[in-house]
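K.L.:
start16.pdb is reproduced in full below (PDB, C-alpha atoms).
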ATOM      1  CA  MET U   1     -12.619  11.092  -0.283  1.00  0.00           C
ATOM      2  CA  ALA U   2     -13.079  14.432  -2.018  1.00  0.00           C
ATOM      3  CA  LEU U   3      -9.310  14.811  -2.326  1.00  0.00           C
ATOM      4  CA  THR U   4      -9.112  11.818  -4.649  1.00  0.00           C
ATOM      5  CA  MET U   5     -11.500  13.561  -7.003  1.00  0.00           C
ATOM      6  CA  LEU U   6      -9.257  16.651  -6.973  1.00  0.00           C
ATOM      7  CA  THR U   7      -5.982  14.819  -7.583  1.00  0.00           C
ATOM      8  CA  PRO U   8      -6.236  14.666 -11.434  1.00  0.00           C
ATOM      9  CA  GLY U   9      -6.291  18.489 -11.493  1.00  0.00           C
ATOM     10  CA  VAL U  10      -3.044  18.487  -9.518  1.00  0.00           C
ATOM     11  CA  LEU U  11      -1.340  16.529 -12.286  1.00  0.00           C
ATOM     12  CA  ALA U  12      -1.431  19.554 -14.574  1.00  0.00           C
ATOM     13  CA  GLN U  13       0.979  21.507 -12.379  1.00  0.00           C
ATOM     14  CA  THR U  14       4.182  19.522 -12.192  1.00  0.00           C
ATOM     15  CA  PRO U  15       7.730  20.710 -11.495  1.00  0.00           C
ATOM     16  CA  GLU U  16      10.626  20.316 -13.880  1.00  0.00           C
ATOM     17  CA  ALA U  17      11.635  16.749 -14.664  1.00  0.00           C
ATOM     18  CA  GLY U  18      14.522  15.484 -12.589  1.00  0.00           C
ATOM     19  CA  GLU U  19      13.726  17.435  -9.420  1.00  0.00           C
ATOM     20  CA  ALA U  20      14.722  15.433  -6.340  1.00  0.00           C
ATOM     21  CA  PRO U  21      11.847  13.986  -4.294  1.00  0.00           C
ATOM     22  CA  HIS U  22      11.298  15.396  -0.816  1.00  0.00           C
ATOM     23  CA  PRO U  23      11.409  12.815   2.009  1.00  0.00           C
ATOM     24  CA  ALA U  24       8.647  13.297   4.590  1.00  0.00           C
ATOM     25  CA  HIS U  25       7.993  11.807   8.015  1.00  0.00           C
ATOM     26  CA  ILE U  26       5.620  11.929  10.920  1.00  0.00           C
ATOM     27  CA  HIS U  27       7.712  13.051  13.898  1.00  0.00           C
ATOM     28  CA  SER U  28       6.915  13.112  17.590  1.00  0.00           C
ATOM     29  CA  GLY U  29       6.603  16.631  18.975  1.00  0.00           C
ATOM     30  CA  THR U  30       5.700  19.831  17.162  1.00  0.00           C
ATOM     31  CA  CYS U  31       7.255  21.796  14.324  1.00  0.00           C
ATOM     32  CA  ASP U  32       8.852  24.048  16.949  1.00  0.00           C
ATOM     33  CA  GLN U  33      10.410  21.036  18.725  1.00  0.00           C
ATOM     34  CA  LEU U  34      10.584  18.021  16.422  1.00  0.00           C
ATOM     35  CA  GLY U  35      11.304  14.686  18.053  1.00  0.00           C
ATOM     36  CA  ASP U  36      12.151  11.336  16.522  1.00  0.00           C
ATOM     37  CA  VAL U  37      10.674   9.954  13.312  1.00  0.00           C
ATOM     38  CA  VAL U  38       7.620   7.880  14.202  1.00  0.00           C
ATOM     39  CA  VAL U  39       6.439   6.937  10.700  1.00  0.00           C
ATOM     40  CA  PRO U  40       8.176   7.468   7.351  1.00  0.00           C
ATOM     41  CA  LEU U  41       5.920   8.729   4.563  1.00  0.00           C
ATOM     42  CA  THR U  42       6.257   8.165   0.838  1.00  0.00           C
ATOM     43  CA  ASP U  43       8.636  10.708  -0.730  1.00  0.00           C
ATOM     44  CA  ILE U  44       6.883  13.767  -2.128  1.00  0.00           C
ATOM     45  CA  ALA U  45       7.468  13.892  -5.884  1.00  0.00           C
ATOM     46  CA  SER U  46       5.876  15.021  -9.122  1.00  0.00           C
ATOM     47  CA  GLN U  47       3.145  12.791 -10.485  1.00  0.00           C
ATOM     48  CA  ALA U  48       4.448  10.524 -13.256  1.00  0.00           C
ATOM     49  CA  GLY U  49       2.375  10.325 -16.391  1.00  0.00           C
ATOM     50  CA  GLY U  50       0.549  13.610 -15.859  1.00  0.00           C
ATOM     51  CA  VAL U  51      -0.258  15.666 -18.926  1.00  0.00           C
ATOM     52  CA  PRO U  52       0.327  19.418 -18.476  1.00  0.00           C
ATOM     53  CA  THR U  53      -2.877  21.350 -19.135  1.00  0.00           C
ATOM     54  CA  GLY U  54      -4.335  24.716 -18.251  1.00  0.00           C
ATOM     55  CA  ALA U  55      -2.462  27.879 -17.380  1.00  0.00           C
ATOM     56  CA  PRO U  56       1.318  27.572 -17.701  1.00  0.00           C
ATOM     57  CA  SER U  57       1.535  29.983 -14.755  1.00  0.00           C
ATOM     58  CA  ALA U  58      -0.143  27.486 -12.355  1.00  0.00           C
ATOM     59  CA  ASN U  59       1.881  26.785  -9.217  1.00  0.00           C
ATOM     60  CA  ALA U  60       3.901  23.576  -9.418  1.00  0.00           C
ATOM     61  CA  VAL U  61       3.010  20.916  -6.853  1.00  0.00           C
ATOM     62  CA  THR U  62       4.435  17.591  -5.737  1.00  0.00           C
ATOM     63  CA  VAL U  63       2.423  14.860  -4.025  1.00  0.00           C
ATOM     64  CA  SER U  64       2.787  11.795  -1.810  1.00  0.00           C
ATOM     65  CA  GLU U  65       0.271   9.247  -0.548  1.00  0.00           C
ATOM     66  CA  THR U  66       0.904   6.807   2.305  1.00  0.00           C
ATOM     67  CA  ILE U  67      -1.222   4.393   4.337  1.00  0.00           C
ATOM     68  CA  VAL U  68      -0.067   4.659   7.962  1.00  0.00           C
ATOM     69  CA  ASP U  69      -0.655   1.803  10.432  1.00  0.00           C
ATOM     70  CA  MET U  70      -2.036   4.136  13.106  1.00  0.00           C
ATOM     71  CA  PRO U  71      -5.622   5.277  13.644  1.00  0.00           C
ATOM     72  CA  LEU U  72      -6.264   8.978  13.021  1.00  0.00           C
ATOM     73  CA  GLN U  73      -7.214   9.488  16.672  1.00  0.00           C
ATOM     74  CA  ALA U  74      -3.803   8.127  17.787  1.00  0.00           C
ATOM     75  CA  LEU U  75      -2.092  10.635  15.492  1.00  0.00           C
ATOM     76  CA  LEU U  76      -4.204  13.413  17.005  1.00  0.00           C
ATOM     77  CA  ASP U  77      -3.646  12.308  20.602  1.00  0.00           C
ATOM     78  CA  GLY U  78       0.081  11.589  20.274  1.00  0.00           C
ATOM     79  CA  GLY U  79       1.461  15.071  19.675  1.00  0.00           C
ATOM     80  CA  TYR U  80       2.870  14.611  16.161  1.00  0.00           C
ATOM     81  CA  ALA U  81       3.933  16.748  13.200  1.00  0.00           C
ATOM     82  CA  ILE U  82       4.503  16.105   9.492  1.00  0.00           C
ATOM     83  CA  ASN U  83       7.955  17.309   8.461  1.00  0.00           C
ATOM     84  CA  VAL U  84       9.301  17.605   4.899  1.00  0.00           C
ATOM     85  CA  HIS U  85      13.010  17.495   4.014  1.00  0.00           C
ATOM     86  CA  GLU U  86      14.755  19.084   1.030  1.00  0.00           C
ATOM     87  CA  SER U  87      16.110  15.779  -0.335  1.00  0.00           C
ATOM     88  CA  ALA U  88      17.576  12.452   0.743  1.00  0.00           C
ATOM     89  CA  GLU U  89      21.043  13.927   0.150  1.00  0.00           C
ATOM     90  CA  ASN U  90      20.230  16.952   2.337  1.00  0.00           C
ATOM     91  CA  ILE U  91      17.982  15.243   4.911  1.00  0.00           C
ATOM     92  CA  GLY U  92      18.958  17.754   7.621  1.00  0.00           C
ATOM     93  CA  ALA U  93      17.384  20.643   5.695  1.00  0.00           C
ATOM     94  CA  TYR U  94      13.740  20.991   6.748  1.00  0.00           C
ATOM     95  CA  ILE U  95      11.593  22.823   4.188  1.00  0.00           C
ATOM     96  CA  ALA U  96       7.983  22.565   5.470  1.00  0.00           C
ATOM     97  CA  CYS U  97       6.175  21.324   8.555  1.00  0.00           C
ATOM     98  CA  GLY U  98       2.692  21.082  10.054  1.00  0.00           C
ATOM     99  CA  ASP U  99       1.474  20.024  13.485  1.00  0.00           C
ATOM    100  CA  ILE U 100      -1.203  17.300  13.327  1.00  0.00           C
ATOM    101  CA  GLY U 101      -4.349  18.828  14.736  1.00  0.00           C
ATOM    102  CA  GLY U 102      -7.377  20.820  13.771  1.00  0.00           C
ATOM    103  CA  LEU U 103     -10.983  20.361  12.763  1.00  0.00           C
ATOM    104  CA  ILE U 104     -12.196  16.800  12.049  1.00  0.00           C
ATOM    105  CA  VAL U 105     -14.881  16.715   9.359  1.00  0.00           C
ATOM    106  CA  PRO U 106     -16.783  13.622   8.167  1.00  0.00           C
ATOM    107  CA  ASP U 107     -16.756  13.069   4.407  1.00  0.00           C
ATOM    108  CA  ALA U 108     -19.866  12.062   2.454  1.00  0.00           C
ATOM    109  CA  GLY U 109     -19.241   8.406   3.369  1.00  0.00           C
ATOM    110  CA  GLY U 110     -18.881   9.187   7.078  1.00  0.00           C
ATOM    111  CA  ARG U 111     -15.089   8.808   7.185  1.00  0.00           C
ATOM    112  CA  ASP U 112     -13.309  11.350   9.414  1.00  0.00           C
ATOM    113  CA  GLU U 113     -10.935  13.715   7.604  1.00  0.00           C
ATOM    114  CA  LEU U 114      -8.419  16.276   8.774  1.00  0.00           C
ATOM    115  CA  ILE U 115      -6.579  18.859   6.676  1.00  0.00           C
ATOM    116  CA  ILE U 116      -3.509  20.565   8.117  1.00  0.00           C
ATOM    117  CA  GLY U 117      -1.352  23.342   6.721  1.00  0.00           C
ATOM    118  CA  LEU U 118       2.358  22.874   6.081  1.00  0.00           C
ATOM    119  CA  GLY U 119       4.258  26.065   6.793  1.00  0.00           C
ATOM    120  CA  GLU U 120       7.510  27.114   5.204  1.00  0.00           C
ATOM    121  CA  LEU U 121      10.745  26.403   7.083  1.00  0.00           C
ATOM    122  CA  ASN U 122      14.201  27.906   6.592  1.00  0.00           C
ATOM    123  CA  ASP U 123      13.152  30.298   3.796  1.00  0.00           C
ATOM    124  CA  SER U 124      12.620  27.313   1.484  1.00  0.00           C
ATOM    125  CA  GLY U 125       9.630  28.800  -0.326  1.00  0.00           C
ATOM    126  CA  HIS U 126       7.729  25.514   0.164  1.00  0.00           C
ATOM    127  CA  THR U 127       4.244  25.419   1.664  1.00  0.00           C
ATOM    128  CA  GLY U 128       1.413  22.949   1.329  1.00  0.00           C
ATOM    129  CA  VAL U 129      -1.278  20.880   2.974  1.00  0.00           C
ATOM    130  CA  ALA U 130      -1.638  17.362   4.314  1.00  0.00           C
ATOM    131  CA  TRP U 131      -4.952  15.499   4.209  1.00  0.00           C
ATOM    132  CA  LEU U 132      -5.464  12.677   6.693  1.00  0.00           C
ATOM    133  CA  GLY U 133      -8.372  10.248   6.321  1.00  0.00           C
ATOM    134  CA  ALA U 134      -9.392   7.743   8.987  1.00  0.00           C
ATOM    135  CA  ASP U 135      -9.715   4.135   7.848  1.00  0.00           C
ATOM    136  CA  GLY U 136     -10.176   1.983  10.955  1.00  0.00           C
ATOM    137  CA  ASP U 137      -6.769   1.168  12.445  1.00  0.00           C
ATOM    138  CA  GLN U 138      -5.031   2.943   9.564  1.00  0.00           C
ATOM    139  CA  THR U 139      -4.846   6.509   8.284  1.00  0.00           C
ATOM    140  CA  GLU U 140      -4.379   7.612   4.698  1.00  0.00           C
ATOM    141  CA  VAL U 141      -1.962  10.542   4.530  1.00  0.00           C
ATOM    142  CA  VAL U 142      -1.738  12.666   1.370  1.00  0.00           C
ATOM    143  CA  VAL U 143       0.834  15.462   1.324  1.00  0.00           C
ATOM    144  CA  ILE U 144       0.673  18.184  -1.331  1.00  0.00           C
ATOM    145  CA  LEU U 145       3.655  20.519  -1.448  1.00  0.00           C
ATOM    146  CA  ILE U 146       3.679  23.779  -3.396  1.00  0.00           C
ATOM    147  CA  GLU U 147       7.021  24.204  -5.107  1.00  0.00           C
ATOM    148  CA  PRO U 148       8.565  27.698  -5.167  1.00  0.00           C
ATOM    149  CA  GLU U 149       8.565  29.476  -8.539  1.00  0.00           C
ATOM    150  CA  GLU U 150      12.333  29.375  -8.967  1.00  0.00           C
ATOM    151  CA  MET U 151      12.206  25.565  -8.805  1.00  0.00           C
ATOM    152  CA  SER U 152       9.427  25.083 -11.354  1.00  0.00           C
TER     153      SER U 152
END
The structure in this file should be written as C-alpha cells.
P.N.:
Amino acid sequence: MALTMLTPGVLAQTPEAGEAPHPAHIHSGTCDQLGDVVVPLTDIASQAGGVPTGAPSANAVTVSETIVDMPLQALLDGGYAINVHESAENIGAYIACGDIGGLIVPDAGGRDELIIGLGELNDSGHTGVAWLGADGDQTEVVVILIEPEEMS
C-alpha cells in the first residue's frame, strides 16, 4: 500500500482548474489491438481539495482510483490493457495505454502489487503509470497520468 502513502505528494501537482477528466477503461486485448471494454474505471481527474506546494515547475498529474470486481490474477491471465481517452466528448481519441503485465511484488503486508507503464498514444503528450493491488476477488486500480506541459 506504499502508493497510498505517496498520494498526498501528488496533490501538489494539479492541472489547471476546469480541465476535462479523462475516461479510462480496462479493455480486452493489447494496446496494439484493443478489444471491447471489459471494466470501466473512474475518470482520471485532478485531485479536489489539494493545496499546491513545492516547485511550481513540477509536472501536473491527474489520478483515478477504482475497485475492480476481478482478481489480479484474472487481469493478468486475461490479456487486458488499460486505455485512457482524451475526454467523454472525444471518447474516440486515445491518449495513453498500458498492457497489464509485468513483475508482481508483495507489499509489506503481503498483498501482491503490479505497476505498469502507460505509454503515449497519438502524440498526446500523456504518459503515466497504473498500480494494481490484489485484494482477494477484487483489484484496486490506481491510474496516475502525467499531463503535458501545454495543458498545465
K.L.:
Under the rule that only C-alpha atoms are counted, which of U:Thr139, U:Ser87, U:Ser64, U:Gln73 is the nearest residue to Leu41 (chain U)?
P.N.:
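Nearest to Leu41 (chain U): U:Ser64.
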K.L.:
Would you please work out which residue, of U:Ile82, U:Val68, U:Val143, U:Gly133, is nearest to Cys97 (chain U) when using all atoms listed in the file?
P.N.:
U:Ile82
K.L.:
Once 6 Å is added on each side, what centre and edge lengths in Å to one decimal does the axis-aligned box around all listed atoms of region 51-56 of chain U have, as AutoDock Vina command-line options?
P.N.:
--center_x -1.5 --center_y 21.8 --center_z -18.3 --size_x 17.7 --size_y 24.2 --size_z 13.8
K.L.:
Need the neighbours of (7.7, 8.2, 15.8): which residues are at most 6 Å away, counting all atoms listed in the file, as a PyMOL selection string?
P.N.:
chain U and resi 27-28+36-39
K.L.:
Hey, which of U:Ala96, U:Val105, U:Leu118, U:Val61 ends up closest to Ile146 (chain U)? Count only C-alpha atoms.
P.N.:
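Answer, going by the shortest atom-to-atom distance: U:Val61.
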K.L.:
Could you check how far CA of Ile104 (chain U) sits from CA of Trp131 (chain U), in Å to one decimal?
P.N.:
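So the two atoms, CA of Ile104 (chain U) and CA of Trp131 (chain U), lie 10.8 Å apart.
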K.L.:
Need to verify the contact set: Asp99 (chain U), 9 Å, only C-alpha atoms, exclusion of same-chain residues closer than 3 positions in sequence. Can you return it as a PyMOL selection string?
P.N.:
chain U and resi 29-31+79-83+102+116-118
K.L.:
Which is closest to Pro40 (chain U) among U:Pro21, U:Ile67, U:Pro106, U:Val129, if we use all atoms listed in the file?
P.N.:
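Closest candidate: U:Ile67.
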K.L.:
CA of Ala24 (chain U) to CA of Thr42 (chain U): how many Å, to one decimal?
P.N.:
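A separation of 6.8 Å between them.
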K.L.:
Given the file above and the PyMOL selection byres ((chain U and resi 65) around 6), which residues are selected, and can you give them as a list in words?
P.N.:
Ser64, Thr66, Val141 and Val142 of chain U
K.L.:
What would the file look like if the residues just selected were written as an mmCIF file, keeping the file's coordinate frame with C-alpha atoms?
P.N.:
data_model
loop_
_atom_site.group_PDB
_atom_site.id
_atom_site.type_symbol
_atom_site.label_atom_id
_atom_site.label_comp_id
_atom_site.auth_asym_id
_atom_site.auth_seq_id
_atom_site.Cartn_x
_atom_site.Cartn_y
_atom_site.Cartn_z
ATOM 1 C CA SER U 64 2.787 11.795 -1.810
ATOM 2 C CA THR U 66 0.904 6.807 2.305
ATOM 3 C CA VAL U 141 -1.962 10.542 4.530
ATOM 4 C CA VAL U 142 -1.738 12.666 1.370
#
K.L.:
Could you jot down the CA of Asp43 (chain U) to CA of Leu145 (chain U) separation for me, Å, one decimal place?
P.N.:
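CA of Leu145 (chain U) lies at a distance of 11.0 Å from CA of Asp43 (chain U).
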K.L.:
Please determine, counting all atoms listed in the file, which residue among U:Gly128, U:Ile26, U:Ala58, U:Ala93 has the shortest atom-to-atom distance to Gly78 (chain U).
P.N.:
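Going through U:Gly128, U:Ile26, U:Ala58, U:Ala93 one by one, the smallest distance to Gly78 (chain U) is for U:Ile26.
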